[in-house]
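Working notes, beginning with the structure itself.
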Amino acid sequence: MTDAYGFETLAIHAGQEPDPLTGAVVPPIVQASTYKQDGVGGLRGGYEYSRSGNPTRTALEECLAALEGGRRALAFASGLAAEDTLLRTVLSPGDHVIVPNDAYGGTYRLFAKVWSRWGIEYDPVDLRDLDAVRAAVRPGSTRLVWVETPSNPLLSIADISAVSAIAHDNDALVLVDNTFASPYLQQPLALGADVVVHSTTKYLGGHSDVVGGALVVADAELGERLAFSQNAAGAVPGPLDSWLVLRGAKTLAVRMDRHCANAERVVEFLNGSSAVAEVLYPGLPGHLGHEIARKQMRAFGGMVSFRLKGGEDAALRVCERAKVFTLGESLGGVESLIEHPGRMTHASAAGSPLEVPADLVRLSVGIESADDLVADLEQALS
């Protein structure tokens, strides 16, 4: 399908033509590991072995490419598998990467504990400070600038266009982790990024029933290199996982509208709570990245973080007292989740420059009744 169609239409139809044999409007789950060849090397439809390609996965990849406005998308077994494949494709020992100083803990762990052992160097930088980004570039060795916006869990905003300009002036690629925003709220490739990464476990899947990841690229040649690595390393999703993400993507737009609306109600309540020291949400006019978020996002998302006046003990109590908000890791599902990043999702960053405040609570605001969510937080904070 062409980009002349609206986002919602692409989400339902891109890569999902009715089955030519039966007319089924939902792509089938092709639960096959291998495929009959029409003579030696005569591949029927291009499929030979499901690590290399599977029709259900192809449907998902075509849909994701359309949603992000990319030339090619590649699906993976998890978001971190997608990140790892990107790094092994574009970096060599001795290369340097600029990473956010408030990146997702799993991303930081990948650089600090895995890729640093293979000669990859990195510097955490406040990407909101463009002068700091320029100063961090190592001419001739900086190959990649890694962007999260909104970031996890502090919800800071980076100017994708401005950071991309700095990177490209220095022959570096730009990757944007678009997991928090989803392609419905933000399309980094149109803003100058080279690669988008998703944990499709989150908003794209949307129902807390699948783990997956994806890369989407603007350049066809880079897409070919990544496809080679995807096949060679083999961290691919199975057909059922691909089908679940594809099913979730169909309703992404309507779900994100509700996530955003509910988050705004939650933020309004938290702003008025005497127990809360600070609310972190890019939709707030006082947020440092508010104007940039207005420029590059359709809306401000369903993720909310806040800090407690009572410190870490108060943050832990709120997490334990919540009832409608389920205490759990991950995010982006239809149900609301609450967590303590310092002890849960970002424990791997403890003692590092990316350590998160101990009094911080992170919410993934779901699509339940907004009145019930506000009431739950009210009793948890009381």
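Within each chain, counting starts at residue 1; across the structure tokens, chains are named A, B, ... in the order shown, with ligands numbered 1 upward in that order.
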
> Running DSSP on the backbone, which parts of range 203-349 of chain A land in alpha helix (DSSP H), as a count of residues only?
Replying inline: 64

Report as CSV the residues of range 149-211 of chain A within 12 Å of range 350-366 of chain A, each with its shortest atom pair and distance in Å (one decimal), using only C-alpha atoms, ordered by chain and increasing residue number.
residue,atom,partner,partner_atom,distance
A:Ser151,CA,A:Leu354,CA,11.6
A:Asn152,CA,A:Arg362,CA,9.0
A:Pro153,CA,A:Arg362,CA,6.6
A:Leu154,CA,A:Val356,CA,8.1
A:Leu155,CA,A:Arg362,CA,9.9
A:Phe180,CA,A:Ser364,CA,9.7
A:Lys202,CA,A:Ser364,CA,10.0
A:Tyr203,CA,A:Ser364,CA,10.2
A:Gly206,CA,A:Gly366,CA,9.7
A:His207,CA,A:Gly366,CA,10.2
A:Ser208,CA,A:Gly366,CA,11.3

>> Quick check for you: according to DSSP on this backbone, which residues of range 11-245 of chain A are classed as strand (DSSP E)? Reply as a ChimeraX atom specification.
In response: /A:72-76,96-100,121-125,142-148,173-177,195-199,213-217

> From the list A:His259, A:His198, A:Lys295, A:Lys309, which residue is nearest Val279 in chain A when using only C-alpha atoms?
Replying inline: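 With only C-alpha atoms as the atom set, the closest residue is A:Lys309.
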
>> So the first atom is CA of Pro188 in chain A and the second is CA of His13 in chain A; what is the distance between them in Å, to one decimal place?
In response: 21.9 Å

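Shell of His168 in chain A at 10 Å, with only C-alpha atoms counted and residues fewer than 6 places along the chain excluded, is Arg143, Leu144, Val145, Val174, Gly192, Ala193 and Asp194 of chain A.
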
Could you list, with a cut-off of 12 Å and counting only C-alpha atoms, the residues of range 121-181 of chain A near range 53-74 of chain A, each shown with its nearest atom pair and the distance in Å rounded to one decimal, rows sorted by chain and ascending number, as JSON lines?
{"residue": "A:Val176", "atom": "CA", "partner": "A:Glu68", "partner_atom": "CA", "distance": 11.6}
{"residue": "A:Asn178", "atom": "CA", "partner": "A:Glu68", "partner_atom": "CA", "distance": 9.8}
{"residue": "A:Thr179", "atom": "CA", "partner": "A:Glu68", "partner_atom": "CA", "distance": 11.9}
{"residue": "A:Ala181", "atom": "CA", "partner": "A:Glu68", "partner_atom": "CA", "distance": 11.7}

>> Given only C-alpha atoms as the basis, pick out the residue of A:Ala218, A:Val236, A:Met297, A:Leu175 nearest to Pro282 in chain A.
In response: A:Met297

> Which polymer residues have any atom within 7 Å of an atom of range 84-97 of chain A, counting only C-alpha atoms, with same-chain residues fewer than 5 positions away left out, as a PyMOL selection string?
Replying inline: chain A and resi 118-123+141-145+225-226+229-230

> Pick from A:Tyr184, A:Trp243, A:Phe306, A:Tyr281: nearest to Pro27 in chain A, with only C-alpha atoms counted?
Replying inline: A:Trp243

> Leaving out Val276 in chain A and any residue of its chain fewer than 4 positions from it, which residues lie within 9 Å of it when counting only C-alpha atoms, given as a list in words?
Replying inline: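 Once the nearby chain positions are removed, what remains is Leu270, Asn271, Gly272, Phe306, Arg307, Leu308, Lys309, Gly310 and Leu381 of chain A.
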
Could you save the residues just selected, with N, CA, C and O atoms, as a compact mmCIF listing (two decimals), in the first residue's frame?
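Result file follows (selection.txt):
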# COMPACT_ATOMS: atom_id res chain seq x y z
N LEU A 270 -2.21 13.90 39.67
CA LEU A 270 -0.92 13.86 40.35
C LEU A 270 -0.36 15.25 40.59
O LEU A 270 0.27 15.52 41.62
N ASN A 271 -0.60 16.16 39.66
CA ASN A 271 -0.13 17.54 39.82
C ASN A 271 -0.75 18.22 41.03
O ASN A 271 -0.16 19.13 41.60
N GLY A 272 -1.94 17.77 41.39
CA GLY A 272 -2.62 18.39 42.53
C GLY A 272 -2.44 17.64 43.83
O GLY A 272 -3.00 18.05 44.86
N PHE A 306 6.51 9.92 38.24
CA PHE A 306 6.42 10.96 39.28
C PHE A 306 7.30 10.60 40.46
O PHE A 306 7.64 9.43 40.68
N ARG A 307 7.69 11.65 41.20
CA ARG A 307 8.56 11.49 42.36
C ARG A 307 7.78 11.83 43.63
O ARG A 307 6.94 12.73 43.62
N LEU A 308 8.06 11.11 44.68
CA LEU A 308 7.33 11.25 45.94
C LEU A 308 8.10 12.12 46.93
O LEU A 308 9.31 11.98 47.08
N LYS A 309 7.37 12.98 47.63
CA LYS A 309 7.99 13.80 48.66
C LYS A 309 8.53 12.95 49.80
O LYS A 309 9.49 13.32 50.46
N GLY A 310 7.92 11.80 50.02
CA GLY A 310 8.34 10.92 51.11
C GLY A 310 9.51 10.02 50.77
O GLY A 310 9.88 9.16 51.58
N LEU A 381 -1.96 6.84 47.35
CA LEU A 381 -1.17 7.96 47.86
C LEU A 381 -1.62 8.46 49.22
O LEU A 381 -0.90 9.22 49.87

> Could you name the residues that touch range 46-49 of chain A at 9 Å or less, counting only C-alpha atoms, but leaving out those on the same chain fewer than 2 positions away, as a ChimeraX atom specification?
Replying inline: /A:32-37,41-44,51-55

I need the chosen residues saved as a PDB file, in the first residue's frame, with N, CA, C and O atoms.
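The file below, out.pdb, is the result:
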ATOM      1  N   ALA A  32       5.086 -23.266   9.938  1.00  0.00           N
ATOM      2  CA  ALA A  32       5.940 -24.181   9.176  1.00  0.00           C
ATOM      3  C   ALA A  32       7.391 -23.791   9.374  1.00  0.00           C
ATOM      4  O   ALA A  32       7.721 -22.602   9.455  1.00  0.00           O
ATOM      5  N   SER A  33       8.257 -24.810   9.450  1.00  0.00           N
ATOM      6  CA  SER A  33       9.690 -24.538   9.554  1.00  0.00           C
ATOM      7  C   SER A  33      10.380 -24.575   8.200  1.00  0.00           C
ATOM      8  O   SER A  33      11.393 -23.913   7.986  1.00  0.00           O
ATOM      9  N   THR A  34       9.833 -25.347   7.256  1.00  0.00           N
ATOM     10  CA  THR A  34      10.461 -25.463   5.949  1.00  0.00           C
ATOM     11  C   THR A  34       9.396 -25.499   4.861  1.00  0.00           C
ATOM     12  O   THR A  34       8.200 -25.656   5.150  1.00  0.00           O
ATOM     13  N   TYR A  35       9.809 -25.350   3.588  1.00  0.00           N
ATOM     14  CA  TYR A  35       8.879 -25.147   2.483  1.00  0.00           C
ATOM     15  C   TYR A  35       9.313 -25.985   1.282  1.00  0.00           C
ATOM     16  O   TYR A  35      10.507 -26.075   0.974  1.00  0.00           O
ATOM     17  N   LYS A  36       8.339 -26.571   0.583  1.00  0.00           N
ATOM     18  CA  LYS A  36       8.627 -27.358  -0.607  1.00  0.00           C
ATOM     19  C   LYS A  36       9.185 -26.453  -1.705  1.00  0.00           C
ATOM     20  O   LYS A  36       8.631 -25.397  -1.995  1.00  0.00           O
ATOM     21  N   GLN A  37      10.276 -26.898  -2.309  1.00  0.00           N
ATOM     22  CA  GLN A  37      10.886 -26.152  -3.390  1.00  0.00           C
ATOM     23  C   GLN A  37      10.500 -26.756  -4.743  1.00  0.00           C
ATOM     24  O   GLN A  37      10.413 -27.975  -4.891  1.00  0.00           O
ATOM     25  N   GLY A  41      16.658 -25.045  -5.627  1.00  0.00           N
ATOM     26  CA  GLY A  41      16.807 -23.597  -5.699  1.00  0.00           C
ATOM     27  C   GLY A  41      15.590 -22.874  -6.226  1.00  0.00           C
ATOM     28  O   GLY A  41      15.610 -21.644  -6.352  1.00  0.00           O
ATOM     29  N   GLY A  42      14.527 -23.602  -6.532  1.00  0.00           N
ATOM     30  CA  GLY A  42      13.307 -22.969  -7.041  1.00  0.00           C
ATOM     31  C   GLY A  42      12.348 -22.699  -5.901  1.00  0.00           C
ATOM     32  O   GLY A  42      11.483 -23.523  -5.594  1.00  0.00           O
ATOM     33  N   LEU A  43      12.500 -21.535  -5.277  1.00  0.00           N
ATOM     34  CA  LEU A  43      11.724 -21.225  -4.076  1.00  0.00           C
ATOM     35  C   LEU A  43      10.334 -20.737  -4.448  1.00  0.00           C
ATOM     36  O   LEU A  43      10.176 -19.834  -5.269  1.00  0.00           O
ATOM     37  N   ARG A  44       9.346 -21.304  -3.813  1.00  0.00           N
ATOM     38  CA  ARG A  44       7.960 -20.911  -4.064  1.00  0.00           C
ATOM     39  C   ARG A  44       7.628 -19.710  -3.182  1.00  0.00           C
ATOM     40  O   ARG A  44       7.514 -19.840  -1.968  1.00  0.00           O
ATOM     41  N   ARG A  51      13.678 -19.490   9.594  1.00  0.00           N
ATOM     42  CA  ARG A  51      14.605 -18.513  10.150  1.00  0.00           C
ATOM     43  C   ARG A  51      14.865 -17.412   9.128  1.00  0.00           C
ATOM     44  O   ARG A  51      14.968 -16.230   9.473  1.00  0.00           O
ATOM     45  N   SER A  52      14.933 -17.804   7.860  1.00  0.00           N
ATOM     46  CA  SER A  52      15.215 -16.843   6.793  1.00  0.00           C
ATOM     47  C   SER A  52      13.986 -16.044   6.389  1.00  0.00           C
ATOM     48  O   SER A  52      14.108 -14.895   5.947  1.00  0.00           O
ATOM     49  N   GLY A  53      12.820 -16.623   6.516  1.00  0.00           N
ATOM     50  CA  GLY A  53      11.601 -15.910   6.140  1.00  0.00           C
ATOM     51  C   GLY A  53      10.378 -16.756   6.373  1.00  0.00           C
ATOM     52  O   GLY A  53      10.412 -17.979   6.171  1.00  0.00           O
ATOM     53  N   ASN A  54       9.318 -16.113   6.813  1.00  0.00           N
ATOM     54  CA  ASN A  54       8.047 -16.789   7.085  1.00  0.00           C
ATOM     55  C   ASN A  54       6.929 -15.852   6.639  1.00  0.00           C
ATOM     56  O   ASN A  54       6.998 -14.641   6.896  1.00  0.00           O
ATOM     57  N   PRO A  55       5.902 -16.344   5.952  1.00  0.00           N
ATOM     58  CA  PRO A  55       4.866 -15.446   5.430  1.00  0.00           C
ATOM     59  C   PRO A  55       4.175 -14.593   6.497  1.00  0.00           C
ATOM     60  O   PRO A  55       3.830 -13.428   6.228  1.00  0.00           O
TER      61      PRO A  55
END

>> So the first atom is CA of Val216 in chain A and the second is CA of Val196 in chain A; what is the distance between them in Å, to one decimal place?
In response: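 Rounded to one decimal, the two atoms are 5.1 Å apart.
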
>> With only C-alpha atoms as the counted atoms, please give the residues lying no more than 12 Å from Phe269 in chain A, apart from itself and same-chain residues fewer than 6 positions off, as a list of chain:residue names.
In response: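 What passes the distance filter is A:Asn262, A:Ala263, A:Ala275, A:Val276, A:Val279, A:Val304, A:Phe306, A:Ala370, A:Asp371, A:Leu373, A:Val374, A:Ala375, A:Asp376, A:Leu377, A:Glu378, A:Leu381.
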
>> Rounded to one decimal, what separation in Å do you get between CA of Leu331 in chain A and CA of Val211 in chain A?
In response: 11.6 Å

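Proximity of A:Glu268, A:Asp102, A:Glu8, A:Glu312 to Arg255 in chain A, computed with only C-alpha atoms, is greatest for A:Glu8.
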